[in-house]
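Listing of my_file.cif; format and content: mmCIF, C-alpha atoms and all ligand atoms.
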```
data_protein
loop_
_atom_site.label_atom_id
_atom_site.label_comp_id
_atom_site.auth_asym_id
_atom_site.auth_seq_id
_atom_site.Cartn_x
_atom_site.Cartn_y
_atom_site.Cartn_z
CA MET A 25 61.70 -136.82 -40.39
CA ASP A 26 58.33 -136.37 -42.13
CA ILE A 27 56.86 -132.90 -42.60
CA LEU A 28 53.41 -131.63 -43.51
CA ILE A 29 53.12 -128.24 -45.22
CA ILE A 30 49.78 -126.45 -45.18
CA GLY A 31 49.08 -124.31 -48.26
CA SER A 32 49.18 -124.40 -52.04
CA GLY A 33 51.24 -121.46 -53.34
CA GLY A 34 54.76 -120.74 -54.49
CA ARG A 35 55.63 -120.01 -50.88
CA GLU A 36 54.70 -123.52 -49.79
CA TYR A 37 56.40 -125.00 -52.87
CA SER A 38 59.63 -123.22 -51.92
CA ILE A 39 59.50 -124.45 -48.33
CA GLY A 40 58.97 -127.97 -49.66
CA TYR A 41 61.79 -127.49 -52.15
CA ALA A 42 64.20 -126.50 -49.37
CA LEU A 43 63.09 -129.44 -47.23
CA THR A 44 63.57 -131.97 -50.00
CA LYS A 45 67.20 -130.83 -50.25
CA ASP A 46 67.61 -131.43 -46.52
CA GLU A 47 69.00 -134.84 -45.61
CA ASN A 48 67.14 -134.85 -42.29
CA VAL A 49 63.85 -134.94 -44.19
CA ASP A 50 62.37 -138.18 -45.48
CA LYS A 51 58.96 -137.22 -46.78
CA VAL A 52 57.00 -134.02 -47.35
CA TYR A 53 53.21 -133.82 -47.57
CA PHE A 54 51.27 -130.81 -48.84
CA ALA A 55 47.69 -129.98 -47.86
CA PRO A 56 46.33 -129.23 -50.37
CA GLY A 57 49.44 -128.42 -52.47
CA ASN A 58 49.25 -127.67 -56.20
CA GLY A 59 49.88 -129.37 -59.54
CA ALA A 60 53.65 -129.32 -59.01
CA THR A 61 54.10 -129.94 -55.27
CA ASN A 62 53.35 -133.62 -55.80
CA GLU A 63 56.72 -133.81 -57.59
CA LEU A 64 58.32 -132.87 -54.26
CA GLY A 65 56.09 -134.99 -52.07
CA GLU A 66 52.48 -136.05 -51.70
CA ASN A 67 49.39 -133.84 -51.93
CA ILE A 68 46.70 -134.45 -49.33
CA ASP A 69 43.13 -133.34 -49.91
CA ILE A 70 42.03 -132.59 -46.33
CA LYS A 71 40.85 -129.17 -45.16
CA ASP A 72 39.31 -129.65 -41.74
CA PHE A 73 41.89 -128.88 -39.01
CA LYS A 74 40.87 -131.78 -36.81
CA GLU A 75 41.08 -134.21 -39.70
CA LEU A 76 44.46 -132.81 -40.66
CA ALA A 77 45.65 -133.32 -37.09
CA ASN A 78 44.38 -136.90 -37.20
CA PHE A 79 46.27 -137.44 -40.45
CA ALA A 80 49.45 -136.03 -38.88
CA LYS A 81 49.04 -138.40 -35.94
CA GLU A 82 48.33 -141.46 -38.04
CA ARG A 83 51.33 -140.83 -40.28
CA ALA A 84 53.55 -139.88 -37.32
CA ILE A 85 54.36 -136.52 -38.94
CA ASP A 86 57.18 -134.90 -36.98
CA LEU A 87 56.46 -131.30 -37.88
CA THR A 88 53.72 -129.29 -39.57
CA ILE A 89 54.52 -125.93 -41.18
CA VAL A 90 51.68 -123.53 -41.94
CA GLY A 91 52.17 -121.27 -44.97
CA PRO A 92 49.15 -118.93 -45.35
CA GLU A 93 47.45 -116.63 -42.87
CA ASP A 94 43.91 -117.98 -43.13
CA PRO A 95 44.42 -121.27 -41.26
CA LEU A 96 46.56 -119.45 -38.67
CA VAL A 97 43.94 -116.79 -38.00
CA ASN A 98 41.36 -119.58 -37.82
CA GLY A 99 43.28 -121.48 -35.15
CA ILE A 100 44.94 -124.47 -36.85
CA VAL A 101 47.91 -124.25 -34.47
CA ASP A 102 45.69 -124.52 -31.39
CA VAL A 103 43.96 -127.61 -32.80
CA PHE A 104 47.29 -129.35 -33.53
CA LYS A 105 48.75 -128.42 -30.15
CA GLU A 106 45.71 -129.80 -28.32
CA GLU A 107 46.55 -133.09 -29.98
CA GLY A 108 50.15 -132.87 -28.79
CA LEU A 109 51.53 -132.31 -32.31
CA THR A 110 54.52 -130.14 -33.25
CA ILE A 111 53.51 -127.27 -35.49
CA PHE A 112 55.27 -124.14 -36.73
CA GLY A 113 53.05 -121.05 -36.62
CA PRO A 114 51.38 -118.69 -34.14
CA SER A 115 48.32 -119.53 -32.05
CA LYS A 116 44.97 -118.05 -33.01
CA ALA A 117 45.43 -115.38 -30.33
CA ALA A 118 48.85 -114.29 -31.60
CA ALA A 119 47.73 -114.49 -35.25
CA GLN A 120 45.42 -111.54 -34.54
CA LEU A 121 48.50 -109.46 -35.31
CA GLU A 122 47.57 -110.10 -38.93
CA GLY A 123 43.88 -110.93 -38.54
CA SER A 124 43.00 -107.56 -37.05
CA LYS A 125 44.71 -104.29 -37.86
CA VAL A 126 43.11 -102.74 -34.78
CA PHE A 127 44.65 -105.47 -32.59
CA MET A 128 47.99 -104.95 -34.31
CA LYS A 129 48.03 -101.16 -33.97
CA ASN A 130 46.97 -101.36 -30.32
CA ALA A 131 49.71 -103.92 -29.64
CA LEU A 132 52.31 -101.67 -31.30
CA LYS A 133 51.16 -98.77 -29.16
CA LYS A 134 51.10 -100.81 -25.96
CA TYR A 135 54.56 -102.28 -26.54
CA GLY A 136 56.02 -98.93 -27.60
CA VAL A 137 56.87 -99.95 -31.18
CA PRO A 138 57.20 -97.00 -33.61
CA THR A 139 54.27 -96.78 -36.04
CA ALA A 140 52.18 -94.16 -37.84
CA LYS A 141 49.85 -92.06 -35.62
CA TYR A 142 46.32 -93.39 -35.90
CA ILE A 143 42.87 -93.74 -34.51
CA GLU A 144 40.70 -96.85 -34.52
CA THR A 145 37.01 -96.29 -34.88
CA SER A 146 33.69 -97.70 -36.04
CA SER A 147 32.11 -94.24 -36.28
CA LEU A 148 32.13 -92.26 -39.49
CA GLU A 149 31.72 -89.08 -37.49
CA GLU A 150 34.84 -89.77 -35.46
CA ALA A 151 36.78 -90.79 -38.58
CA THR A 152 35.72 -87.57 -40.35
CA GLU A 153 36.70 -85.43 -37.39
CA PHE A 154 40.17 -86.99 -37.30
CA ILE A 155 40.59 -86.81 -41.08
CA ASN A 156 39.85 -83.10 -40.94
CA THR A 157 42.78 -82.55 -38.59
CA MET A 158 45.25 -84.43 -40.83
CA SER A 159 47.49 -83.43 -43.69
CA GLU A 160 47.21 -85.31 -46.99
CA PRO A 161 47.66 -88.04 -48.12
CA ILE A 162 45.69 -89.98 -45.52
CA VAL A 163 45.68 -93.74 -45.02
CA VAL A 164 42.43 -95.62 -44.30
CA LYS A 165 42.51 -99.33 -43.46
CA ALA A 166 39.83 -101.95 -42.89
CA ASP A 167 40.36 -103.94 -39.69
CA GLY A 168 40.02 -107.51 -41.00
CA LEU A 169 41.63 -109.69 -43.66
CA CYS A 170 40.90 -108.31 -47.15
CA ALA A 171 43.41 -110.31 -49.19
CA GLY A 172 45.77 -107.34 -49.25
CA LYS A 173 43.17 -104.92 -50.61
CA GLY A 174 41.94 -103.23 -47.43
CA VAL A 175 44.28 -100.23 -47.49
CA ILE A 176 43.39 -96.95 -49.22
CA ILE A 177 45.93 -94.17 -49.60
CA ALA A 178 43.62 -91.19 -50.06
CA GLN A 179 45.06 -88.12 -51.78
CA SER A 180 42.42 -85.79 -50.34
CA LYS A 181 40.33 -85.50 -47.18
CA GLN A 182 37.20 -86.04 -49.25
CA GLU A 183 38.60 -89.27 -50.69
CA ALA A 184 39.59 -90.43 -47.20
CA ILE A 185 36.08 -89.78 -45.90
CA GLU A 186 34.58 -91.66 -48.87
CA ALA A 187 36.92 -94.60 -48.20
CA ALA A 188 35.96 -94.64 -44.51
CA LYS A 189 32.28 -94.49 -45.46
CA GLY A 190 32.63 -97.39 -47.93
CA MET A 191 34.37 -99.54 -45.33
CA LEU A 192 32.13 -98.73 -42.35
CA SER A 193 28.93 -99.30 -44.33
CA GLY A 194 30.16 -102.79 -45.22
CA GLU A 195 29.99 -101.92 -48.91
CA SER A 196 33.73 -102.18 -49.59
CA PHE A 197 34.88 -105.18 -47.56
CA GLY A 198 31.86 -106.58 -45.68
CA ASP A 199 32.43 -107.27 -41.99
CA ALA A 200 36.20 -106.74 -42.34
CA GLY A 201 35.43 -103.01 -42.49
CA ASN A 202 33.24 -102.77 -39.36
CA GLN A 203 36.17 -101.12 -37.67
CA ILE A 204 38.78 -99.03 -39.39
CA ILE A 205 42.14 -97.43 -38.81
CA VAL A 206 42.78 -93.90 -40.01
CA GLU A 207 46.47 -93.08 -39.94
CA GLU A 208 49.10 -90.64 -41.08
CA TYR A 209 50.95 -91.29 -44.30
CA LEU A 210 54.61 -92.28 -43.92
CA ASP A 211 56.91 -91.17 -46.70
CA GLY A 212 59.93 -93.42 -47.07
CA TYR A 213 60.99 -96.73 -48.55
CA GLU A 214 59.51 -100.10 -47.70
CA LEU A 215 61.17 -103.32 -46.64
CA SER A 216 60.07 -106.73 -45.48
CA ILE A 217 61.93 -108.11 -42.50
CA PHE A 218 61.20 -111.65 -41.36
CA ALA A 219 61.94 -112.93 -37.89
CA ILE A 220 61.56 -116.62 -37.14
CA CYS A 221 60.37 -116.74 -33.53
CA ASP A 222 60.04 -119.49 -30.95
CA GLY A 223 58.03 -117.54 -28.38
CA LYS A 224 61.09 -115.93 -26.77
CA ASP A 225 64.06 -116.03 -29.10
CA PHE A 226 64.27 -115.18 -32.77
CA VAL A 227 66.40 -115.36 -35.90
CA VAL A 228 66.26 -112.48 -38.37
CA LEU A 229 66.38 -113.48 -42.03
CA PRO A 230 68.01 -111.37 -44.76
CA ALA A 231 65.76 -108.37 -45.44
CA ALA A 232 63.76 -108.51 -48.65
CA GLN A 233 62.06 -106.04 -50.93
CA ASP A 234 58.82 -106.93 -52.66
CA HIS A 235 57.34 -105.26 -55.78
CA LYS A 236 53.63 -104.98 -55.14
CA ARG A 237 52.54 -103.08 -58.23
CA LEU A 238 51.70 -104.90 -61.45
CA LEU A 239 53.81 -102.87 -63.85
CA ASP A 240 57.41 -101.77 -64.28
CA GLY A 241 58.42 -98.65 -62.41
CA ASP A 242 55.89 -99.45 -59.65
CA GLU A 243 52.92 -98.44 -61.77
CA GLY A 244 49.51 -100.03 -62.05
CA PRO A 245 47.35 -101.77 -59.45
CA ASN A 246 48.55 -103.55 -56.32
CA THR A 247 49.05 -107.30 -56.55
CA GLY A 248 50.10 -110.02 -54.12
CA GLY A 249 53.67 -109.24 -55.21
CA MET A 250 55.33 -109.43 -58.64
CA GLY A 251 58.85 -110.22 -57.53
CA ALA A 252 61.29 -109.79 -54.68
CA TYR A 253 64.94 -109.96 -53.83
CA ALA A 254 67.09 -110.43 -50.75
CA PRO A 255 69.18 -109.34 -49.04
CA THR A 256 68.48 -105.74 -49.93
CA PRO A 257 71.29 -103.18 -49.61
CA LEU A 258 68.64 -100.78 -48.30
CA VAL A 259 69.22 -102.30 -44.87
CA ASN A 260 72.45 -101.89 -42.95
CA ASP A 261 73.51 -103.32 -39.60
CA GLU A 262 72.32 -100.23 -37.79
CA LEU A 263 68.82 -100.59 -39.17
CA TYR A 264 68.70 -104.33 -38.35
CA LYS A 265 69.72 -103.45 -34.81
CA LYS A 266 67.03 -100.78 -34.52
CA VAL A 267 64.42 -103.24 -35.76
CA GLU A 268 65.60 -105.89 -33.29
CA ASP A 269 65.71 -103.56 -30.30
CA ARG A 270 62.71 -101.36 -30.96
CA VAL A 271 60.42 -103.76 -32.77
CA ILE A 272 61.06 -107.48 -32.43
CA LYS A 273 62.19 -107.65 -28.80
CA PRO A 274 59.41 -105.49 -27.32
CA THR A 275 56.80 -107.27 -29.45
CA LEU A 276 57.89 -110.77 -28.37
CA LYS A 277 58.17 -109.69 -24.74
CA GLY A 278 54.79 -107.95 -24.80
CA LEU A 279 52.99 -110.86 -26.43
CA GLU A 280 54.53 -113.29 -23.97
CA GLU A 281 53.47 -111.14 -21.03
CA ASP A 282 49.99 -110.93 -22.49
CA GLY A 283 49.78 -114.72 -22.53
CA MET A 284 50.16 -115.26 -26.28
CA PRO A 285 53.83 -116.01 -26.97
CA PHE A 286 54.60 -115.73 -30.67
CA THR A 287 55.91 -118.76 -32.52
CA GLY A 288 56.30 -118.68 -36.29
CA VAL A 289 57.20 -116.04 -38.84
CA LEU A 290 56.85 -112.45 -37.75
CA PHE A 291 56.69 -110.59 -41.07
CA ILE A 292 57.46 -106.98 -40.37
CA GLY A 293 56.36 -104.43 -42.95
CA VAL A 294 58.78 -101.59 -42.35
CA MET A 295 58.72 -98.07 -43.73
CA VAL A 296 62.09 -96.40 -43.31
CA VAL A 297 61.61 -92.67 -42.82
CA LYS A 298 64.81 -90.65 -42.57
CA GLY A 299 66.74 -93.72 -41.43
CA GLU A 300 64.22 -94.66 -38.73
CA PRO A 301 62.06 -97.80 -38.95
CA TYR A 302 58.28 -97.43 -38.58
CA ILE A 303 56.03 -100.45 -38.61
CA LEU A 304 53.32 -100.46 -41.26
CA GLU A 305 51.98 -103.86 -40.39
CA TYR A 306 52.68 -107.28 -39.06
CA ASN A 307 51.87 -110.47 -40.87
CA VAL A 308 52.20 -113.83 -39.20
CA ARG A 309 53.59 -115.85 -42.11
CA PHE A 310 56.15 -115.60 -44.87
CA GLY A 311 55.61 -113.14 -47.67
CA ASP A 312 54.95 -114.60 -51.08
CA PRO A 313 57.17 -114.16 -53.24
CA GLU A 314 59.74 -113.26 -50.54
CA CYS A 315 59.79 -116.80 -49.12
CA GLU A 316 60.84 -118.19 -52.50
CA GLU A 317 64.12 -116.24 -52.29
CA LEU A 318 64.74 -116.68 -48.56
CA MET A 319 64.49 -120.47 -48.78
CA VAL A 320 67.43 -120.67 -51.20
CA LEU A 321 69.52 -118.28 -49.11
CA LEU A 322 69.34 -120.64 -46.13
CA GLU A 323 72.64 -122.44 -45.59
CA SER A 324 71.50 -124.39 -42.54
CA PRO A 325 69.05 -127.25 -43.04
CA ALA A 326 65.54 -125.81 -43.36
CA SER A 327 64.16 -128.48 -41.02
CA GLU A 328 66.45 -127.27 -38.24
CA LEU A 329 65.14 -123.71 -38.43
CA PHE A 330 61.48 -124.72 -38.44
CA LEU A 331 61.76 -127.50 -35.87
CA LYS A 332 63.82 -125.51 -33.38
CA ALA A 333 61.39 -122.60 -33.66
CA ALA A 334 58.36 -124.86 -33.23
CA THR A 335 59.86 -126.48 -30.13
CA GLY A 336 61.08 -123.29 -28.42
CA ASP A 337 64.73 -124.16 -28.98
CA LEU A 338 66.09 -121.38 -31.20
CA ALA A 339 68.56 -120.35 -28.48
CA ASN A 340 70.39 -123.58 -29.30
CA ALA A 341 70.32 -123.17 -33.06
CA GLU A 342 73.01 -121.64 -35.18
CA ILE A 343 71.21 -120.68 -38.34
CA LYS A 344 73.44 -119.67 -41.23
CA PHE A 345 72.72 -117.95 -44.51
CA LYS A 346 74.63 -118.07 -47.77
CA ASP A 347 76.73 -115.07 -48.63
CA LYS A 348 74.70 -114.67 -51.82
CA TYR A 349 71.74 -112.84 -53.30
CA ALA A 350 68.45 -114.20 -54.60
CA VAL A 351 66.01 -112.55 -56.99
CA GLY A 352 62.54 -113.93 -57.73
CA VAL A 353 60.45 -112.88 -60.72
CA VAL A 354 56.75 -113.73 -60.62
CA VAL A 355 55.37 -115.03 -63.89
CA ALA A 356 51.64 -114.37 -63.97
CA SER A 357 48.77 -115.22 -66.25
CA LYS A 358 47.32 -112.85 -68.81
CA ASN A 359 44.47 -111.31 -66.82
CA TYR A 360 46.13 -111.14 -63.39
CA PRO A 361 45.17 -109.43 -61.07
CA TYR A 362 41.78 -108.60 -62.58
CA THR A 363 40.09 -111.82 -63.64
CA SER A 364 41.03 -115.44 -64.12
CA SER A 365 42.58 -116.55 -67.38
CA GLU A 366 42.00 -119.57 -69.62
CA PRO A 367 44.13 -122.54 -68.50
CA ALA A 368 47.32 -122.67 -70.57
CA GLU A 369 49.85 -125.46 -70.91
CA ILE A 370 53.25 -124.68 -69.39
CA ILE A 371 56.36 -125.74 -71.26
CA VAL A 372 59.72 -125.44 -69.54
CA ASP A 373 62.78 -125.87 -71.76
CA ASP A 374 65.54 -128.20 -70.64
CA ILE A 375 68.09 -126.09 -68.85
CA VAL A 376 71.37 -127.03 -70.49
CA HIS A 377 73.44 -124.26 -69.00
CA GLU A 378 75.04 -125.89 -65.92
CA VAL A 379 75.62 -122.65 -64.03
CA LEU A 380 72.01 -121.62 -64.53
CA LYS A 381 70.80 -125.07 -63.55
CA ASP A 382 72.73 -124.95 -60.28
CA ASN A 383 71.76 -121.39 -59.43
CA SER A 384 68.08 -121.16 -60.18
CA TYR A 385 64.78 -122.90 -59.63
CA ILE A 386 61.11 -122.51 -60.35
CA ALA A 387 58.65 -122.25 -57.46
CA TYR A 388 55.28 -123.30 -58.83
CA ALA A 389 52.15 -121.60 -57.56
CA GLY A 390 48.93 -121.36 -59.63
CA VAL A 391 49.30 -124.64 -61.49
CA THR A 392 47.27 -127.83 -61.91
CA ARG A 393 47.63 -131.00 -63.98
CA ASP A 394 45.23 -132.16 -66.62
CA GLU A 395 44.27 -135.83 -66.99
CA ASP A 396 47.31 -136.45 -69.19
CA GLY A 397 49.61 -135.07 -66.54
CA LYS A 398 50.35 -131.86 -68.43
CA LEU A 399 51.13 -128.88 -66.26
CA LEU A 400 48.63 -126.04 -66.71
CA ALA A 401 48.75 -122.42 -65.66
CA THR A 402 45.45 -121.96 -63.84
CA GLY A 403 46.15 -119.34 -61.20
CA GLY A 404 46.90 -115.63 -61.26
CA ARG A 405 50.48 -115.87 -60.11
CA VAL A 406 51.59 -119.01 -61.91
CA LEU A 407 55.20 -119.49 -60.85
CA VAL A 408 58.26 -117.68 -59.59
CA CYS A 409 61.64 -117.90 -61.34
CA VAL A 410 64.36 -117.56 -58.73
CA GLY A 411 68.01 -116.86 -59.50
CA LEU A 412 70.89 -117.05 -57.06
CA GLY A 413 74.18 -115.19 -57.49
CA ASP A 414 77.15 -113.47 -55.92
CA SER A 415 75.58 -110.09 -56.69
CA ILE A 416 72.03 -108.87 -57.09
CA LYS A 417 72.71 -108.31 -60.76
CA GLU A 418 73.96 -111.85 -61.28
CA ALA A 419 70.97 -113.28 -59.41
CA ARG A 420 68.62 -111.02 -61.40
CA ASP A 421 70.15 -112.06 -64.73
CA ARG A 422 69.78 -115.73 -63.83
CA ALA A 423 66.18 -115.25 -62.75
CA TYR A 424 65.36 -113.61 -66.09
CA MET A 425 67.28 -116.28 -68.03
CA LEU A 426 65.03 -118.81 -66.37
CA VAL A 427 61.94 -116.73 -67.21
CA GLY A 428 63.04 -117.05 -70.85
CA GLN A 429 62.88 -120.86 -70.58
CA VAL A 430 59.27 -120.88 -69.42
CA HIS A 431 56.43 -120.64 -71.92
CA PHE A 432 52.66 -120.44 -71.71
CA LEU A 433 50.02 -118.44 -73.47
CA GLY A 434 49.52 -115.03 -71.88
CA LYS A 435 52.67 -115.27 -69.75
CA LYS A 436 53.66 -111.93 -68.26
CA CYS A 437 56.09 -110.55 -65.72
CA ARG A 438 57.73 -107.33 -64.60
CA MET A 439 61.09 -106.72 -66.24
CA ASP A 440 62.55 -104.50 -63.52
CA ILE A 441 62.62 -106.63 -60.37
CA ALA A 442 65.34 -105.40 -57.96
CA TYR A 443 65.68 -102.09 -59.81
CA GLN A 444 65.89 -100.12 -56.57
CA ALA A 445 68.99 -102.07 -55.59
CA LEU A 446 70.59 -101.72 -59.03
CA LYS A 447 70.14 -98.03 -59.76
CA ASP A 448 73.27 -96.07 -58.96
P1 LIG B 501 49.48 -102.84 -45.24
O1 LIG B 501 48.60 -103.96 -45.68
O2 LIG B 501 49.07 -102.18 -43.97
O3 LIG B 501 50.95 -103.14 -45.31
O4 LIG B 501 49.33 -101.74 -46.38
C1 LIG B 501 49.53 -102.06 -47.75
C2 LIG B 501 50.46 -101.05 -48.36
O5 LIG B 501 49.94 -99.72 -48.20
C3 LIG B 501 51.83 -101.01 -47.69
O6 LIG B 501 52.65 -102.00 -48.21
C4 LIG B 501 52.27 -99.62 -48.00
O7 LIG B 501 52.80 -99.54 -49.30
C5 LIG B 501 51.00 -98.81 -47.96
N1 LIG B 501 50.80 -98.19 -46.63
C6 LIG B 501 50.14 -98.71 -45.58
N2 LIG B 501 50.15 -97.87 -44.53
C7 LIG B 501 50.84 -96.78 -44.92
C8 LIG B 501 51.20 -95.56 -44.28
N3 LIG B 501 50.84 -95.26 -43.04
N4 LIG B 501 51.94 -94.67 -45.00
C9 LIG B 501 52.31 -94.95 -46.26
N5 LIG B 501 51.99 -96.07 -46.93
C10 LIG B 501 51.26 -96.99 -46.27
N1 LIG B 502 54.42 -110.32 -50.76
C1 LIG B 502 53.64 -109.72 -49.77
C2 LIG B 502 52.80 -110.62 -49.01
O1 LIG B 502 52.92 -111.83 -49.07
O2 LIG B 502 51.95 -110.15 -48.27
#
```

Represent the structure from my file as structure tokens, please.
Amino acid sequence: MDILIIGSGGREYSIGYALTKDENVDKVYFAPGNGATNELGENIDIKDFKELANFAKERAIDLTIVGPEDPLVNGIVDVFKEEGLTIFGPSKAAAQLEGSKVFMKNALKKYGVPTAKYIETSSLEEATEFINTMSEPIVVKADGLCAGKGVIIAQSKQEAIEAAKGMLSGESFGDAGNQIIVEEYLDGYELSIFAICDGKDFVVLPAAQDHKRLLDGDEGPNTGGMGAYAPTPLVNDELYKKVEDRVIKPTLKGLEEDGMPFTGVLFIGVMVVKGEPYILEYNVRFGDPECEELMVLLESPASELFLKAATGDLANAEIKFKDKYAVGVVVASKNYPYTSSEPAEIIVDDIVHEVLKDNSYIAYAGVTRDEDGKLLATGGRVLVCVGLGDSIKEARDRAYMLVGQVHFLGKKCRMDIAYQALKD
């Protein structure tokens, strides 16, 4: 079968990588892809949803997989479905779970899913009144998409009020801050749980842990994610069961009853407080860099998972995962996440070590090619080195061995990915 992947990051590269290893897949297209995805398939330079759908029809594409949230929130799935095409991802209505934090929090409340106590408001007066009743720290969130930057953890009431003011005035995040959420701070540890959903049924993937801060020891500013690993020993069967029963099932049932059945990846940001899962947020796509690890943990053909989910047939799928661990280390450019960096040529050494070769791969993200075909680091997060192993430590060591084989000017990465799973 032929598959079209929408997106251009390491996440989309890793989905393409898994599909090219799948014997059911003939050809993979990427729209728009990056400077390395064209080694896996063909890059297509089309942005308009209708034109993309026409392309999918003309080429008789069997399945389209949407990577990032933007096209989902903007309704790409609805456009493809109107044309009778098979596409993996939620409708515009269901994608509001990520597109609007107010929608998400209200859905959690309505469906009885545990989450932090909150108010939604567009009034500074109301926000201030609520903040004054709260204990510190206090969390203030802009309603709309802010590329992961719309959440302020305020250490004092004054700081919380300032954050609310900045958002509501439009100064901080423009229209995305017209409405805000003010909520209680949850003190626990964070996990990412991904459920592949077909509207009714779901498959839970091995739980992952991301490292959002730039520097070792979780210091420095927030980023899109500097590395991740899965499965994390921070989740046991009891916690998976709680998340299934209290979170995934009521959410899928509620959305279906509300006329917007959820198909695609339900990315559940969980805070575990005293052994109980609370939902911080939903996203409607894979995490990046979590996807890069999950794709190599899949034992079943990747096309089966995505196609069965897209066609409402997960009940008839038996999706298997390897009994292994994967660790992904993000290699970023010099000025990430502050400003862009000068393009730098990427050199990857030949991997002569057979075990490393068979148990690692590079997911390319912020890369382009120059006119001579040289691979250049041009993005913030340039690539992800993923190692696979029988233990987290083995997978981690392989990931870092691979990092050592990659060279470009200004290359940087965290050295402590998976530390929470490795400390005794
Ligand atoms: P979100 O985009 O809502 O996941 O928020 C971004 C990050 O802020 C999360 O990954 C958490 O680390 C943190 N965060 C969000 N909400 C809370 C909360 N209620 N309590 C503690 N930390 C939070
Ligand atoms: N790695 C977190 C995210 O993709 O949002």

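Each of A:Ala232, A:Leu329, A:Ile371, A:Leu276 was compared to ligand LIG 502 (chain B) using only C-alpha atoms and all ligand atoms, and A:Ala232 turns out to be the nearest.
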
request  = Counting only C-alpha atoms, find the residues whose atoms lie at most 12 Å from (72.6, -106.1, -39.6) (file coordinates) and write them out as a PyMOL selection string.
outcome  = chain A and resi 217+227-231+255-269

Those same residues - C-alpha atoms - I'd like them written as a PDB file, in the frame of the given file.
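Below you can see again.pdb, which holds the result:
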```
ATOM      1  CA  ILE A 217      61.930-108.110 -42.500  1.00  0.00           C
ATOM      2  CA  VAL A 227      66.400-115.360 -35.900  1.00  0.00           C
ATOM      3  CA  VAL A 228      66.260-112.480 -38.370  1.00  0.00           C
ATOM      4  CA  LEU A 229      66.380-113.480 -42.030  1.00  0.00           C
ATOM      5  CA  PRO A 230      68.010-111.370 -44.760  1.00  0.00           C
ATOM      6  CA  ALA A 231      65.760-108.370 -45.440  1.00  0.00           C
ATOM      7  CA  PRO A 255      69.180-109.340 -49.040  1.00  0.00           C
ATOM      8  CA  THR A 256      68.480-105.740 -49.930  1.00  0.00           C
ATOM      9  CA  PRO A 257      71.290-103.180 -49.610  1.00  0.00           C
ATOM     10  CA  LEU A 258      68.640-100.780 -48.300  1.00  0.00           C
ATOM     11  CA  VAL A 259      69.220-102.300 -44.870  1.00  0.00           C
ATOM     12  CA  ASN A 260      72.450-101.890 -42.950  1.00  0.00           C
ATOM     13  CA  ASP A 261      73.510-103.320 -39.600  1.00  0.00           C
ATOM     14  CA  GLU A 262      72.320-100.230 -37.790  1.00  0.00           C
ATOM     15  CA  LEU A 263      68.820-100.590 -39.170  1.00  0.00           C
ATOM     16  CA  TYR A 264      68.700-104.330 -38.350  1.00  0.00           C
ATOM     17  CA  LYS A 265      69.720-103.450 -34.810  1.00  0.00           C
ATOM     18  CA  LYS A 266      67.030-100.780 -34.520  1.00  0.00           C
ATOM     19  CA  VAL A 267      64.420-103.240 -35.760  1.00  0.00           C
ATOM     20  CA  GLU A 268      65.600-105.890 -33.290  1.00  0.00           C
ATOM     21  CA  ASP A 269      65.710-103.560 -30.300  1.00  0.00           C
TER      22      ASP A 269
END
```

inquiry  = Which residues are near Gly288 in chain A? Cut-off 10 Å, only C-alpha atoms, ignore same chain within fewer than 5 positions. Put them as a VMD selection string.
reply    = chain A and resid 89 to 91 111 to 115 118 to 119 218 to 223 226 308 to 310 330 333 to 334

Where's the centre, and what are the edge lengths in Å to one decimal, of a box along x, y and z enclosing all listed atoms of ligand LIG 502 (chain B) padded 6 Å per side, as AutoDock Vina command-line options?
```
--center_x 53.2 --center_y -110.8 --center_z -49.5 --size_x 14.5 --size_y 14.1 --size_z 14.5
```

request  = Dump the neighbourhood of ligand LIG 502 (chain B) as a PyMOL selection string: all residues within 12 Å, distances computed on all atoms listed in the file.
outcome  = chain A and resi 33-36+91-93+122+169-173+214-218+232-237+246-253+289-293+305-317+352-354+405

request  = May I have the protein, DNA and RNA residues with any atom at most 12 Å from the point (50.6, -131.2, -29.3), counting only C-alpha atoms, written as a ChimeraX atom specification?
outcome  = /A:77-78,80-81,85-88,100-112,334-335

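Take the candidates A:Val297, A:Ala423, A:Leu239, A:Ile185 and check each one against Leu210 in chain A using all atoms listed in the file; the shortest distance goes to A:Val297.
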
Output of range 205-210 of chain A limited to N, CA and C atoms, as a compact mmCIF listing (two decimals), in the first residue's frame:
```txt
# COMPACT_ATOMS: atom_id res chain seq x y z
N ILE A 205 -7.16 29.57 31.52
CA ILE A 205 -7.47 28.62 32.58
C ILE A 205 -6.58 29.00 33.76
N VAL A 206 -7.17 29.07 34.95
CA VAL A 206 -6.35 29.21 36.16
C VAL A 206 -6.58 27.92 36.93
N GLU A 207 -5.50 27.21 37.28
CA GLU A 207 -5.73 25.93 37.95
C GLU A 207 -4.73 25.65 39.05
N GLU A 208 -5.10 24.69 39.88
CA GLU A 208 -4.23 24.34 41.00
C GLU A 208 -3.00 23.60 40.48
N TYR A 209 -1.94 23.72 41.21
CA TYR A 209 -0.67 23.08 40.87
C TYR A 209 -0.70 21.64 41.38
N LEU A 210 -0.32 20.71 40.52
CA LEU A 210 -0.27 19.30 40.92
C LEU A 210 1.18 18.91 41.13
```
